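Visitor: What follows is target.pdb, made up of PDB, C-alpha atoms:
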ATOM      1  CA  MET A   1      76.683  63.194  73.462
ATOM      2  CA  ALA A   2      79.424  63.432  70.847
ATOM      3  CA  ALA A   3      81.872  60.596  70.409
ATOM      4  CA  ILE A   4      85.486  61.339  71.227
ATOM      5  CA  GLY A   5      87.115  63.034  68.281
ATOM      6  CA  ASN A   6      83.807  63.479  66.434
ATOM      7  CA  LEU A   7      83.858  67.049  65.176
ATOM      8  CA  ARG A   8      80.419  66.940  63.585
ATOM      9  CA  TYR A   9      78.741  68.002  66.824
ATOM     10  CA  ARG A  10      79.365  71.699  67.666
ATOM     11  CA  PRO A  11      82.861  71.792  66.160
ATOM     12  CA  ALA A  12      83.562  75.525  66.633
ATOM     13  CA  ARG A  13      82.648  75.501  70.326
ATOM     14  CA  ARG A  14      84.538  72.296  71.027
ATOM     15  CA  LEU A  15      87.680  73.390  69.181
ATOM     16  CA  ALA A  16      87.606  76.760  70.943
ATOM     17  CA  GLN A  17      87.206  74.970  74.273
ATOM     18  CA  LEU A  18      90.042  72.565  73.442
ATOM     19  CA  TYR A  19      92.499  75.291  72.457
ATOM     20  CA  ALA A  20      91.519  77.577  75.338
ATOM     21  CA  GLY A  21      92.213  74.672  77.680
ATOM     22  CA  LEU A  22      95.543  73.823  76.073
ATOM     23  CA  VAL A  23      96.723  77.440  76.114
ATOM     24  CA  LEU A  24      95.666  77.816  79.747
ATOM     25  CA  TYR A  25      97.459  74.559  80.565
ATOM     26  CA  GLY A  26     100.709  75.865  79.057
ATOM     27  CA  VAL A  27     100.356  79.129  80.995
ATOM     28  CA  SER A  28      99.677  77.201  84.218
ATOM     29  CA  MET A  29     102.850  75.178  83.702
ATOM     30  CA  ALA A  30     104.877  78.355  83.240
ATOM     31  CA  LEU A  31     103.392  79.827  86.437
ATOM     32  CA  MET A  32     104.371  76.754  88.443
ATOM     33  CA  ILE A  33     107.864  76.704  86.914
ATOM     34  CA  ARG A  34     108.458  80.370  87.795
ATOM     35  CA  SER A  35     107.251  79.793  91.347
ATOM     36  CA  GLY A  36     110.263  77.551  91.893
ATOM     37  CA  LEU A  37     108.309  75.763  94.607
ATOM     38  CA  GLY A  38     107.813  72.389  92.928
ATOM     39  CA  LEU A  39     106.094  70.967  89.889
ATOM     40  CA  ASP A  40     103.673  68.194  89.060
ATOM     41  CA  PRO A  41     105.354  64.808  88.414
ATOM     42  CA  TRP A  42     105.518  65.003  84.612
ATOM     43  CA  ASP A  43     106.859  68.548  84.741
ATOM     44  CA  VAL A  44     109.543  67.535  87.245
ATOM     45  CA  PHE A  45     110.583  65.005  84.595
ATOM     46  CA  HIS A  46     110.362  67.567  81.766
ATOM     47  CA  GLN A  47     112.441  70.034  83.763
ATOM     48  CA  GLY A  48     115.072  67.427  84.614
ATOM     49  CA  VAL A  49     115.421  66.400  80.958
ATOM     50  CA  SER A  50     115.513  70.074  79.937
ATOM     51  CA  GLU A  51     118.331  70.793  82.383
ATOM     52  CA  ARG A  52     120.337  67.757  81.227
ATOM     53  CA  THR A  53     119.889  68.347  77.489
ATOM     54  CA  GLY A  54     119.833  72.136  77.247
ATOM     55  CA  LEU A  55     116.565  71.953  75.304
ATOM     56  CA  SER A  56     113.783  74.342  76.256
ATOM     57  CA  PHE A  57     111.116  73.127  78.652
ATOM     58  CA  GLY A  58     108.479  73.315  75.917
ATOM     59  CA  THR A  59     110.610  71.393  73.443
ATOM     60  CA  VAL A  60     111.106  68.624  75.991
ATOM     61  CA  THR A  61     107.366  68.617  76.744
ATOM     62  CA  ILE A  62     106.609  68.175  73.037
ATOM     63  CA  ALA A  63     109.268  65.466  72.575
ATOM     64  CA  VAL A  64     108.131  63.502  75.638
ATOM     65  CA  GLY A  65     104.496  63.808  74.530
ATOM     66  CA  ALA A  66     105.403  62.419  71.103
ATOM     67  CA  LEU A  67     107.353  59.541  72.672
ATOM     68  CA  VAL A  68     104.453  58.753  74.995
ATOM     69  CA  LEU A  69     102.177  58.633  71.940
ATOM     70  CA  LEU A  70     104.422  55.906  70.522
ATOM     71  CA  LEU A  71     103.644  53.881  73.652
ATOM     72  CA  TRP A  72      99.986  54.017  72.611
ATOM     73  CA  ILE A  73     100.691  51.747  69.623
ATOM     74  CA  PRO A  74     100.910  48.446  71.547
ATOM     75  CA  LEU A  75      97.939  49.587  73.661
ATOM     76  CA  ARG A  76      95.916  50.132  70.466
ATOM     77  CA  GLN A  77      94.916  53.608  71.563
ATOM     78  CA  ARG A  78      93.860  56.107  68.897
ATOM     79  CA  PRO A  79      94.769  59.754  69.343
ATOM     80  CA  GLY A  80      92.218  62.434  68.614
ATOM     81  CA  VAL A  81      92.794  65.948  67.345
ATOM     82  CA  GLY A  82      92.932  67.006  71.000
ATOM     83  CA  THR A  83      95.666  64.474  71.722
ATOM     84  CA  VAL A  84      97.921  65.676  68.928
ATOM     85  CA  SER A  85      97.132  69.314  69.697
ATOM     86  CA  ASN A  86      97.998  68.679  73.350
ATOM     87  CA  VAL A  87     101.488  67.503  72.377
ATOM     88  CA  VAL A  88     102.246  70.614  70.319
ATOM     89  CA  VAL A  89     100.256  73.513  71.788
ATOM     90  CA  ILE A  90     101.165  73.112  75.452
ATOM     91  CA  GLY A  91     104.902  73.015  74.736
ATOM     92  CA  LEU A  92     104.738  76.066  72.471
ATOM     93  CA  VAL A  93     102.683  78.035  75.002
ATOM     94  CA  VAL A  94     104.902  77.243  77.987
ATOM     95  CA  ASP A  95     107.965  78.384  76.031
ATOM     96  CA  ALA A  96     106.173  81.566  74.935
ATOM     97  CA  THR A  97     104.951  82.326  78.477
ATOM     98  CA  LEU A  98     108.137  81.750  80.486
ATOM     99  CA  PRO A  99     109.992  84.826  79.143
ATOM    100  CA  LEU A 100     107.000  86.993  80.069
ATOM    101  CA  LEU A 101     107.186  86.045  83.756
ATOM    102  CA  PRO A 102     109.779  87.599  86.066
ATOM    103  CA  GLN A 103     112.421  85.224  87.393
ATOM    104  CA  GLU A 104     113.361  86.776  90.733
ATOM    105  CA  LEU A 105     110.303  87.237  92.909
ATOM    106  CA  PRO A 106     109.648  87.543  96.639
ATOM    107  CA  PHE A 107     108.343  84.427  98.373
ATOM    108  CA  ALA A 108     104.741  85.691  98.592
ATOM    109  CA  ALA A 109     104.656  86.310  94.838
ATOM    110  CA  ARG A 110     106.077  82.845  94.202
ATOM    111  CA  VAL A 111     103.337  81.312  96.351
ATOM    112  CA  ALA A 112     100.755  83.316  94.371
ATOM    113  CA  LEU A 113     102.227  81.988  91.106
ATOM    114  CA  LEU A 114     102.083  78.429  92.422
ATOM    115  CA  VAL A 115      98.480  78.686  93.628
ATOM    116  CA  SER A 116      97.418  80.411  90.392
ATOM    117  CA  GLY A 117      99.208  77.736  88.375
ATOM    118  CA  ILE A 118      97.527  74.865  90.203
ATOM    119  CA  VAL A 119      94.059  76.424  89.919
ATOM    120  CA  ALA A 120      94.589  77.278  86.240
ATOM    121  CA  ASN A 121      95.858  73.758  85.601
ATOM    122  CA  GLY A 122      92.665  72.252  87.005
ATOM    123  CA  ALA A 123      90.471  74.570  84.936
ATOM    124  CA  ALA A 124      92.569  73.916  81.822
ATOM    125  CA  THR A 125      92.297  70.161  82.250
ATOM    126  CA  GLY A 126      88.528  70.412  82.576
ATOM    127  CA  LEU A 127      88.343  72.506  79.411
ATOM    128  CA  TYR A 128      90.446  70.348  77.127
ATOM    129  CA  ILE A 129      89.108  67.008  78.383
ATOM    130  CA  GLY A 130      85.548  68.374  78.345
ATOM    131  CA  ALA A 131      85.907  69.158  74.634
ATOM    132  CA  ARG A 132      85.979  65.372  74.110
ATOM    133  CA  LEU A 133      88.496  65.519  71.275
ATOM    134  CA  GLY A 134      90.910  62.997  72.757
ATOM    135  CA  PRO A 135      92.856  62.660  75.994
ATOM    136  CA  GLY A 136      96.314  64.040  76.522
ATOM    137  CA  PRO A 137      99.091  61.580  75.669
ATOM    138  CA  ARG A 138      99.953  60.899  79.304
ATOM    139  CA  ASP A 139      96.319  60.297  80.325
ATOM    140  CA  GLY A 140      95.773  58.066  77.301
ATOM    141  CA  LEU A 141      98.783  55.990  78.315
ATOM    142  CA  MET A 142      97.184  55.380  81.693
ATOM    143  CA  THR A 143      93.690  54.632  80.406
ATOM    144  CA  GLY A 144      95.031  52.511  77.544
ATOM    145  CA  PHE A 145      97.042  50.375  79.941
ATOM    146  CA  VAL A 146      94.040  49.876  82.214
ATOM    147  CA  ALA A 147      91.834  48.986  79.220
ATOM    148  CA  ARG A 148      94.309  46.252  78.200
ATOM    149  CA  ARG A 149      94.860  45.042  81.756
ATOM    150  CA  PRO A 150      91.613  45.600  83.652
ATOM    151  CA  ARG A 151      92.850  43.823  86.767
ATOM    152  CA  PHE A 152      94.857  46.978  87.545
ATOM    153  CA  SER A 153      93.002  49.992  88.904
ATOM    154  CA  ILE A 154      93.340  53.415  87.304
ATOM    155  CA  ARG A 155      94.573  54.723  90.655
ATOM    156  CA  LEU A 156      97.373  52.143  90.824
ATOM    157  CA  VAL A 157      98.451  52.673  87.214
ATOM    158  CA  ARG A 158      98.371  56.479  87.453
ATOM    159  CA  THR A 159     100.233  56.462  90.761
ATOM    160  CA  THR A 160     102.873  54.065  89.423
ATOM    161  CA  ILE A 161     103.444  56.135  86.279
ATOM    162  CA  GLU A 162     103.552  59.438  88.152
ATOM    163  CA  VAL A 163     105.834  58.214  90.942
ATOM    164  CA  THR A 164     108.175  56.784  88.293
ATOM    165  CA  VAL A 165     108.404  60.010  86.254
ATOM    166  CA  LEU A 166     108.658  62.060  89.453
ATOM    167  CA  ALA A 167     111.600  59.978  90.696
ATOM    168  CA  LEU A 168     113.332  60.080  87.307
ATOM    169  CA  GLY A 169     112.761  63.827  87.040
ATOM    170  CA  TRP A 170     114.099  64.427  90.531
ATOM    171  CA  LEU A 171     117.193  62.348  89.763
ATOM    172  CA  LEU A 172     117.702  64.444  86.620
ATOM    173  CA  GLY A 173     117.469  67.687  88.634
ATOM    174  CA  GLY A 174     113.795  68.632  88.346
ATOM    175  CA  THR A 175     112.227  70.731  91.100
ATOM    176  CA  VAL A 176     110.351  68.767  93.758
ATOM    177  CA  GLY A 177     108.897  70.780  96.602
ATOM    178  CA  VAL A 178     105.814  71.985  98.378
ATOM    179  CA  GLY A 179     104.234  72.673  94.983
ATOM    180  CA  THR A 180     104.594  69.012  94.064
ATOM    181  CA  VAL A 181     102.726  68.012  97.210
ATOM    182  CA  ALA A 182     100.098  70.739  96.765
ATOM    183  CA  TYR A 183      99.509  69.635  93.173
ATOM    184  CA  ALA A 184      99.096  66.003  94.242
ATOM    185  CA  LEU A 185      96.629  66.931  96.995
ATOM    186  CA  THR A 186      94.514  69.231  94.850
TER
END
Could you render the structure as structure tokens?

Guide:
Amino acid sequence: MAAIGNLRYRPARRLAQLYAGLVLYGVSMALMIRSGLGLDPWDVFHQGVSERTGLSFGTVTIAVGALVLLLWIPLRQRPGVGTVSNVVVIGLVVDATLPLLPQELPFAARVALLVSGIVANGAATGLYIGARLGPGPRDGLMTGFVARRPRFSIRLVRTTIEVTVLALGWLLGGTVGVGTVAYALT
């Protein structure tokens, strides 16, 4: 098995898998945004910040990802090529995809976008994490914290982080709805 970030083992396949996953992740985010039925916790936060600042959703995603990477420093986490790529690629793809999706859709089409977005998000996560080129910045924050403080479970740390960003995002005007619940359950 290849070490995280080690590109000596099957680099072309792993890079292709990484970037396919990151592109699919950005598309899945755009699908969930256009559904208007609720977003995952981090995207509720991204949307709230986007609405308050006037910056595009993708720009906020990139900026938040970069800020989260700064939180890795005291945790002594090292980003991989996949981590840095995650910060940039997903934000660019979501901004490129949103204008391609219609804004006013009937409810059934919005549900289809939501379900497609959630399924695509799961597949995308499996692809980019499976490439073993580094976790996303938000996942690395969670695992880095648990590595430094092993008395806390991953479940507790992840739940605490996600509830916090969800609440902040909601207070900033991000969309919380049935999609948020469906994402959490799936």

Visitor: Given the PyMOL selection byres ((chain A and resi 65) around 9) and the file above, list the residues it selects as a PyMOL selection string.

Guide: chain A and resi 60-64+66-70+84+86-88+136-138

Visitor: Include C-alpha atoms and write out the residues we just selected as an mmCIF file, keeping the file's coordinate frame.

Guide:
data_model
loop_
_atom_site.group_PDB
_atom_site.id
_atom_site.type_symbol
_atom_site.label_atom_id
_atom_site.label_comp_id
_atom_site.auth_asym_id
_atom_site.auth_seq_id
_atom_site.Cartn_x
_atom_site.Cartn_y
_atom_site.Cartn_z
ATOM 1 C CA VAL A 60 111.106 68.624 75.991
ATOM 2 C CA THR A 61 107.366 68.617 76.744
ATOM 3 C CA ILE A 62 106.609 68.175 73.037
ATOM 4 C CA ALA A 63 109.268 65.466 72.575
ATOM 5 C CA VAL A 64 108.131 63.502 75.638
ATOM 6 C CA ALA A 66 105.403 62.419 71.103
ATOM 7 C CA LEU A 67 107.353 59.541 72.672
ATOM 8 C CA VAL A 68 104.453 58.753 74.995
ATOM 9 C CA LEU A 69 102.177 58.633 71.940
ATOM 10 C CA LEU A 70 104.422 55.906 70.522
ATOM 11 C CA VAL A 84 97.921 65.676 68.928
ATOM 12 C CA ASN A 86 97.998 68.679 73.350
ATOM 13 C CA VAL A 87 101.488 67.503 72.377
ATOM 14 C CA VAL A 88 102.246 70.614 70.319
ATOM 15 C CA GLY A 136 96.314 64.040 76.522
ATOM 16 C CA PRO A 137 99.091 61.580 75.669
ATOM 17 C CA ARG A 138 99.953 60.899 79.304
#

Visitor: Residues of range 8-119 of chain A within 6 Å of range 166-178 of chain A: nearest atom pair and distance (Å, one decimal) for each, counting all atoms listed in the file, sorted by chain and number, as a Markdown table?

Guide:
| residue | atom | partner | partner_atom | distance |
| --- | --- | --- | --- | --- |
| A:Leu37 | CA | A:Gly177 | CA | 5.4 |
| A:Gly38 | CA | A:Gly177 | CA | 4.2 |
| A:Pro41 | CA | A:Leu166 | CA | 4.4 |
| A:Val44 | CA | A:Gly174 | CA | 4.5 |
| A:Phe45 | CA | A:Gly169 | CA | 3.5 |
| A:Gln47 | CA | A:Gly174 | CA | 5.0 |
| A:Gly48 | CA | A:Gly174 | CA | 4.1 |

Visitor: Restricting it to C-alpha atoms, dump the selection as a PDB file, keeping the file's coordinate frame.

Guide:
ATOM      1  CA  LEU A  37     108.309  75.763  94.607  1.00  0.00           C
ATOM      2  CA  GLY A  38     107.813  72.389  92.928  1.00  0.00           C
ATOM      3  CA  PRO A  41     105.354  64.808  88.414  1.00  0.00           C
ATOM      4  CA  VAL A  44     109.543  67.535  87.245  1.00  0.00           C
ATOM      5  CA  PHE A  45     110.583  65.005  84.595  1.00  0.00           C
ATOM      6  CA  GLN A  47     112.441  70.034  83.763  1.00  0.00           C
ATOM      7  CA  GLY A  48     115.072  67.427  84.614  1.00  0.00           C
TER       8      GLY A  48
END

Visitor: A:Leu113, A:Leu55, A:Leu100, A:Ala124: which is nearest Tyr19 in chain A, counting all atoms listed in the file?

Guide: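 Of the candidates, the smallest distance to Tyr19 in chain A is held by A:Ala124.
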
Visitor: Given only C-alpha atoms, how would the per-residue table for range 97-164 of chain A near range 20-24 of chain A read, listing every residue at most 8 Å away with its closest atom pair and distance in Å to one decimal, sorted by chain and number, as a tab-separated table?

Guide:
residue	atom	partner	partner_atom	distance
A:Ala120	CA	A:Leu24	CA	6.6
A:Asn121	CA	A:Leu24	CA	7.1
A:Ala123	CA	A:Gly21	CA	7.5
A:Ala124	CA	A:Gly21	CA	4.2
A:Thr125	CA	A:Gly21	CA	6.4
A:Gly126	CA	A:Gly21	CA	7.5
A:Leu127	CA	A:Gly21	CA	4.8
A:Tyr128	CA	A:Gly21	CA	4.7

Visitor: Which residue, A:Val165, A:Asp139, A:Val27, A:Pro11, has the smallest gap to Thr83 in chain A when you use all atoms listed in the file?

Guide: A:Asp139

Visitor: Kindly list the centre and edge lengths in Å, rounded to one decimal, for the axis-aligned box that covers all listed atoms of range 20-30 of chain A plus 3 Å on each of its six sides, as lines of an AutoDock Vina configuration file.

Guide:
center_x = 98.2
center_y = 76.5
center_z = 79.8
size_x = 19.4
size_y = 11.3
size_z = 14.9

Visitor: Report as a list in words all protein, DNA and RNA residues lying within 12 Å of Ala112 in chain A, evaluated on only C-alpha atoms, omitting residues in the same chain fewer than 3 positions from it.

Guide: Ser28, Leu31, Met32, Arg34, Ser35, Gly36, Leu37, Leu105, Pro106, Phe107, Ala108, Ala109, Val115, Ser116, Gly117, Ile118, Val119, Ala120 and Gly179 of chain A

Visitor: Which is closer to Thr97 in chain A than all the others in A:Gly58, A:Ser50, A:Asp40, A:Ile73, using all atoms listed in the file?

Guide: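 Looking at the shortest contact to Thr97 in chain A, the residue is A:Gly58.
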
Visitor: Here is a test: counting all atoms listed in the file, which residue of A:Trp42, A:Gln103, A:Val93, A:Leu98 is nearest to Thr164 in chain A?

Guide: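 Between A:Trp42, A:Gln103, A:Val93, A:Leu98, the residue approaching Thr164 in chain A most closely is A:Trp42.
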
Visitor: I need the residue nearest Tyr25 in chain A from this list: A:Val181, A:Thr143, A:Arg132, A:Val94. Use all atoms listed in the file for the distance.

Guide: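 For Tyr25 in chain A, the nearest of the candidates is A:Val94.
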
Visitor: If I take CA of Arg78 in chain A and CA of Met142 in chain A, how far is one from the other in Å, to one decimal?

Guide: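 If I compute the distance from CA of Arg78 in chain A to CA of Met142 in chain A, I get 13.2 Å.
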
Visitor: Compare A:Arg8, A:Arg14, A:Arg52, A:Arg110 by their minimum atom-to-atom distance to Ala30 in chain A, counting only C-alpha atoms, and give me the closest one.

Guide: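 Closest residue, counting only C-alpha atoms: A:Arg110.
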
Visitor: Have a look at CA of Gly134 in chain A and CA of Arg10 in chain A and let me know their distance in Å, one decimal.

Guide: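 Rounded to one decimal, the two atoms are 15.3 Å apart.
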
Visitor: How many Å lie between CA of Gln17 in chain A and CA of Ala131 in chain A, rounded to one decimal?

Guide: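 Atom-to-atom, CA of Gln17 in chain A and CA of Ala131 in chain A are spaced 6.0 Å apart.
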
Visitor: With the PyMOL selection byres ((chain A and resi 144) around 8) as the selection, what would be picked from this file? Answer as a count of residues only, please.

Guide: 12

Visitor: Got a moment to write range 101-113 of chain A out with all heavy atoms, as a CSV table (one decimal), in the first residue's frame?

Guide:
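Result went into selection-v8.csv, see below:
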chain,number,residue,atom,x,y,z
A,101,LEU,N,-26.5,25.1,-14.4
A,101,LEU,CA,-27.7,24.5,-13.8
A,101,LEU,C,-28.8,25.5,-13.7
A,101,LEU,O,-28.6,26.7,-13.3
A,101,LEU,CB,-27.4,24.0,-12.4
A,101,LEU,CG,-26.4,22.8,-12.3
A,101,LEU,CD1,-26.1,22.5,-10.9
A,101,LEU,CD2,-26.8,21.6,-13.0
A,102,PRO,N,-30.0,25.1,-14.2
A,102,PRO,CA,-31.1,26.1,-14.1
A,102,PRO,C,-31.5,26.5,-12.7
A,102,PRO,O,-31.3,25.6,-11.8
A,102,PRO,CB,-32.3,25.3,-14.8
A,102,PRO,CG,-31.9,23.9,-14.8
A,102,PRO,CD,-30.4,23.8,-14.7
A,103,GLN,N,-32.0,27.7,-12.5
A,103,GLN,CA,-32.3,28.2,-11.1
A,103,GLN,C,-33.7,27.9,-10.7
A,103,GLN,O,-33.9,27.6,-9.5
A,103,GLN,CB,-31.9,29.6,-11.0
A,103,GLN,CG,-30.5,29.9,-11.1
A,103,GLN,CD,-30.1,31.4,-10.8
A,103,GLN,OE1,-30.9,32.1,-10.2
A,103,GLN,NE2,-29.0,31.8,-11.3
A,104,GLU,N,-34.6,28.0,-11.6
A,104,GLU,CA,-36.0,27.8,-11.2
A,104,GLU,C,-36.5,26.5,-11.7
A,104,GLU,O,-36.6,26.3,-12.9
A,104,GLU,CB,-36.9,29.0,-11.8
A,104,GLU,CG,-36.5,30.3,-11.3
A,104,GLU,CD,-36.7,30.5,-9.8
A,104,GLU,OE1,-37.7,30.0,-9.3
A,104,GLU,OE2,-35.8,31.2,-9.2
A,105,LEU,N,-36.7,25.6,-10.8
A,105,LEU,CA,-37.1,24.2,-11.2
A,105,LEU,C,-38.3,23.8,-10.4
A,105,LEU,O,-38.5,24.2,-9.3
A,105,LEU,CB,-35.9,23.2,-10.9
A,105,LEU,CG,-34.7,23.4,-11.8
A,105,LEU,CD1,-33.5,22.6,-11.2
A,105,LEU,CD2,-35.0,23.0,-13.2
A,106,PRO,N,-39.1,22.8,-11.0
A,106,PRO,CA,-40.2,22.3,-10.2
A,106,PRO,C,-39.7,21.4,-9.0
A,106,PRO,O,-38.5,21.0,-9.1
A,106,PRO,CB,-41.0,21.4,-11.2
A,106,PRO,CG,-40.1,21.3,-12.4
A,106,PRO,CD,-39.1,22.4,-12.3
A,107,PHE,N,-40.5,21.2,-8.1
A,107,PHE,CA,-40.1,20.5,-6.8
A,107,PHE,C,-39.5,19.2,-7.1
A,107,PHE,O,-38.4,18.8,-6.6
A,107,PHE,CB,-41.3,20.4,-5.9
A,107,PHE,CG,-40.9,19.7,-4.6
A,107,PHE,CD1,-40.1,20.4,-3.6
A,107,PHE,CD2,-41.3,18.4,-4.3
A,107,PHE,CE1,-39.7,19.8,-2.5
A,107,PHE,CE2,-40.9,17.8,-3.1
A,107,PHE,CZ,-40.2,18.5,-2.2
A,108,ALA,N,-40.1,18.4,-8.0
A,108,ALA,CA,-39.6,17.0,-8.3
A,108,ALA,C,-38.1,17.1,-8.9
A,108,ALA,O,-37.3,16.3,-8.6
A,108,ALA,CB,-40.5,16.3,-9.3
A,109,ALA,N,-37.9,18.1,-9.7
A,109,ALA,CA,-36.5,18.3,-10.3
A,109,ALA,C,-35.5,18.7,-9.2
A,109,ALA,O,-34.4,18.2,-9.2
A,109,ALA,CB,-36.6,19.3,-11.4
A,110,ARG,N,-36.0,19.5,-8.3
A,110,ARG,CA,-35.1,19.9,-7.2
A,110,ARG,C,-34.8,18.7,-6.3
A,110,ARG,O,-33.6,18.6,-5.8
A,110,ARG,CB,-35.8,21.0,-6.4
A,110,ARG,CG,-35.9,22.3,-7.2
A,110,ARG,CD,-36.7,23.4,-6.5
A,110,ARG,NE,-36.3,23.7,-5.2
A,110,ARG,CZ,-37.1,24.1,-4.2
A,110,ARG,NH1,-38.4,24.2,-4.4
A,110,ARG,NH2,-36.6,24.3,-3.0
A,111,VAL,N,-35.7,17.8,-6.1
A,111,VAL,CA,-35.5,16.6,-5.3
A,111,VAL,C,-34.5,15.7,-6.0
A,111,VAL,O,-33.5,15.2,-5.4
A,111,VAL,CB,-36.8,15.8,-5.0
A,111,VAL,CG1,-36.5,14.4,-4.4
A,111,VAL,CG2,-37.7,16.6,-4.0
A,112,ALA,N,-34.6,15.6,-7.3
A,112,ALA,CA,-33.7,14.8,-8.2
A,112,ALA,C,-32.3,15.4,-8.1
A,112,ALA,O,-31.3,14.7,-8.0
A,112,ALA,CB,-34.2,14.8,-9.6
A,113,LEU,N,-32.2,16.7,-8.1
A,113,LEU,CA,-30.9,17.4,-7.9
A,113,LEU,C,-30.2,17.1,-6.6
A,113,LEU,O,-29.1,16.7,-6.5
A,113,LEU,CB,-31.0,18.9,-8.1
A,113,LEU,CG,-31.2,19.5,-9.5
A,113,LEU,CD1,-31.3,21.0,-9.4
A,113,LEU,CD2,-30.0,19.0,-10.4
